[in-house]
Amino acid sequence: MGGATDILELLKKSKGRRIKVLVAKLGLDGHDRGAKVVARALKDAGLEVIYTGIRQTPEQVVETAIQEDVDVIGVSILSGAHIPLMKKLMELLREKGLDDVPVLLGGTIPIPDIPKLKELGIRNIFLPGTSLKEIIKETLEAALERREE
Amino acid sequence: MTTQELDTLIDKAFQGDRASIGRLLTYIERSPLDASRILNKVMGGEGGGHVIGVTGIPGSGKSTLISKLISRYKEQGLRIAVVAIDPTSPLSKGALLGDRIRMQEHATDPRVFIRSVPTRGVKGGLSFSGVAMIEVFDKLGFDKIIVESIGVGQTDIDIMNLAHTILVVTAPGMGDEIQALKAGIMEIGDIYVLNKSDKPEANRTYAYLDFALETGEIGSEKLKWRPKLIKTSAALGQGIDELVKAVEEHLEFIKEYGIYSEKISARRRYMVRLLAEKLFTEKLEEIDEEIDIANRDIYLEAIKLINKVVSQLG
Ligand SMILES: Nc1nc2c(ncn2[C@@H]2O[C@H](COP(=O)(O)OP(=O)(O)OP(=O)(O)O)[C@@H](O)[C@H]2O)c(=O)[nH]1
Ligand SMILES: [Mg+2]
């Protein structure tokens with residue numbers, strides 16, 4: 001699961017077309033070490049990463065996704081406000097016609113909240129301790145699936 | 001993409017649909033052929049935009065400064081586009097595009113459009129797609145088109161091929177860096193900005209830059225324009241009015257001397273040259289295996305290679 005060879009295979013599948021990911025910290029908490037580590041790992045895996053920094057609103061994330069025309073949106077939330085924030089984000093994405101852009105979420109998410117988040121349309125939820133390899137692999141898969149549509 | 005799909009996309013972009021603008025820029029990045037088709041539709045004439053190139057020492061506060069400029073231009077009711085260039089890693093081919101962080105307060109403003117552009121291995125950093133994007137923003141009616149370049153190395157002066165006005169940004173205590181860059185980007189500024197002037201060493205660096213400009217050690221007088229030196233603190237919002245004023249003075253100057261349109265022609269020639277380079281090098285890499293190393297007349301082999309590339313591009 002999530003080995004380096006899988007990642008290489010996935011990268012090959014992208015056929016030279018660069019994959020663009022948005023990494024954003026949604027909400028009021030100011031801890032972005034985790035998000036930065038993920039952003040750097042995605043870059044090292046050959047992706048183009050737009051990093052927006054901390055304290056982003058759902059509106060900012062959606063507008064950035066539009067202007068940068070990204071393939072995937074990755075969000076990190078540690079504040080505990082993931083349900084209302086993600087609800088708002090997913091609503092806005094739908095409103096702006098971006099519902100085909102896969103959304104991945106990482107952070108301190110209590111297990112009981114996961115089904116509700118999945119229901120909102122979030123593709124993957126990464127709990128603390130998820131390996132970077134796993135995150136890279138899922139991000140690549142999400143990007144490639146969207147393209148095949 | 002069919003011609004009809006492309007036309008629809010362009011129409012929607014011109015009606016102000018931001019998702020369509022974003023997608024149009026992606027097509028420009030992805031395929032030279034699509035880019036050419038798009039430019040074919042939008043080029044011709046001048047959009048009237050003012051292209052401002054921002055280069056300088058890495059970490060001197062270029063992005064923060066641009067964010068302050070955006071605020072001022074917004075107050076004037078102008079529309080602003082930003083092309084923010086960041087390096088692609090030559091090893092992984094990935095990129096971490098972080099200039100936006102400093103400009104996110106403008107992300108949701110309908111008058112502002114910010115696009116990050118990785119260099120993707122282009123020397124000097126200014127890729128064909130970056131320049132093509134300027135063309136599109138111009139035609140979409142953006143009044144100020146600000147290009148942030150990576151500003152490293154003595155050779156990163158390509159920005160002078162595409163901007164109407166060039167800002168070279170430095171910061172206090174970067175004397176060594178300034179020395180190192182003297183022969184490169186330190187020569188091309190229309191306006192030199194000493195940012196982070198809230199720092200204690202600012203006065204000393206200012207005096208040095210002022211003297212260096214005076215003696216022609218940095219900067220170069222182009223026609224009758226004497227390069228200016230402006231002290232700012234983007235963090236504290238100081239000196240921004242003076243900077244905006246200097247930028248406007250330069251714009252007036254180039255308009256008065258007829259250089260404004262000349263620079264647009266230069267930019268377009270440069271764009272075509274960049275595209276030629278891109279097409280050529282990509283094809284050259286593709287046929288790398290066909291190079292005959294048994295041929296000891298390497299000049300002849302090189303010419304053969306050129307012909308091969310050309311015949312395959314045709
Ligand atoms: N003290 C002080 N710090 C500033 C000022 N302007 C920017 N900074 C800080 O300098 C750092 C770099 O700022 P950026 O705007 O990212 O600089 P940059 O030149 O765009 O950087 P690169 O694009 O990475 O080369 C940030 O931590 C800013 O907060 C200023 O006027 N004063
Ligand atoms: Mg920057």
# chains A, B, ... in the order shown; residues from 1 in each chain; ligands from 1
$ residues_around --residues "Ile109 (chain A)" --least-positions-apart "3" --cutoff "8 Å" --atoms "only C-alpha atoms" --output "compact mmCIF listing (two decimals) with N, CA, C and O atoms, in the first residue's frame"
# COMPACT_ATOMS: atom_id res chain seq x y z
N LEU A 78 -6.77 22.22 11.81
CA LEU A 78 -6.45 21.70 13.14
C LEU A 78 -7.32 22.36 14.23
O LEU A 78 -7.20 22.06 15.40
N GLY A 80 -10.55 22.29 14.77
CA GLY A 80 -11.75 21.62 15.26
C GLY A 80 -13.01 22.09 14.56
O GLY A 80 -14.07 21.51 14.72
N HIS A 82 -13.78 21.81 11.50
CA HIS A 82 -13.76 21.22 10.15
C HIS A 82 -15.14 21.08 9.52
O HIS A 82 -15.29 21.24 8.32
N GLY A 106 -6.83 17.02 5.63
CA GLY A 106 -5.95 16.45 6.65
C GLY A 106 -6.09 17.23 7.94
O GLY A 106 -6.44 18.40 7.92
N ASP A 113 -16.65 12.00 13.07
CA ASP A 113 -16.99 13.04 12.08
C ASP A 113 -16.73 12.59 10.64
O ASP A 113 -17.17 13.25 9.69
N ILE A 114 -16.00 11.49 10.49
CA ILE A 114 -15.57 11.11 9.14
C ILE A 114 -16.73 10.85 8.17
O ILE A 114 -16.74 11.39 7.07
N LEU A 127 -5.80 11.32 8.67
CA LEU A 127 -5.66 11.57 10.11
C LEU A 127 -4.19 11.71 10.46
O LEU A 127 -3.31 11.31 9.68
$ interface_residues --of "chain B" --to "chain A" --cutoff "7 Å" --atoms "only C-alpha atoms" --output "list in words"
Arg18, Ala19, Gly22, Arg23, Thr26, Ser92, Lys93, Gly94, Ala95, Leu96, Leu97, Gly98, Arg100, Ile101, Gln104, Ala107, Thr108, Phe113, Ile114, Arg115 and Ser116 of chain B
$ residues_near_ligand --ligand "ligand 1" --cutoff "6 Å" --atoms "only C-alpha atoms and all ligand atoms" --output "ChimeraX atom specification"
/B:58-64,99,150,195-196,198,233-235
$ atom_distance --atom1 "CA of Gly239 (chain B)" --atom2 "CA of Ser149 (chain B)"
21.8 Å
$ select_by_dssp --residues "chain A" --states "alpha helix (DSSP H)" --output "PyMOL selection string"
chain A and resi 4-13+33-44+58-68+82-95+114-119+132-148
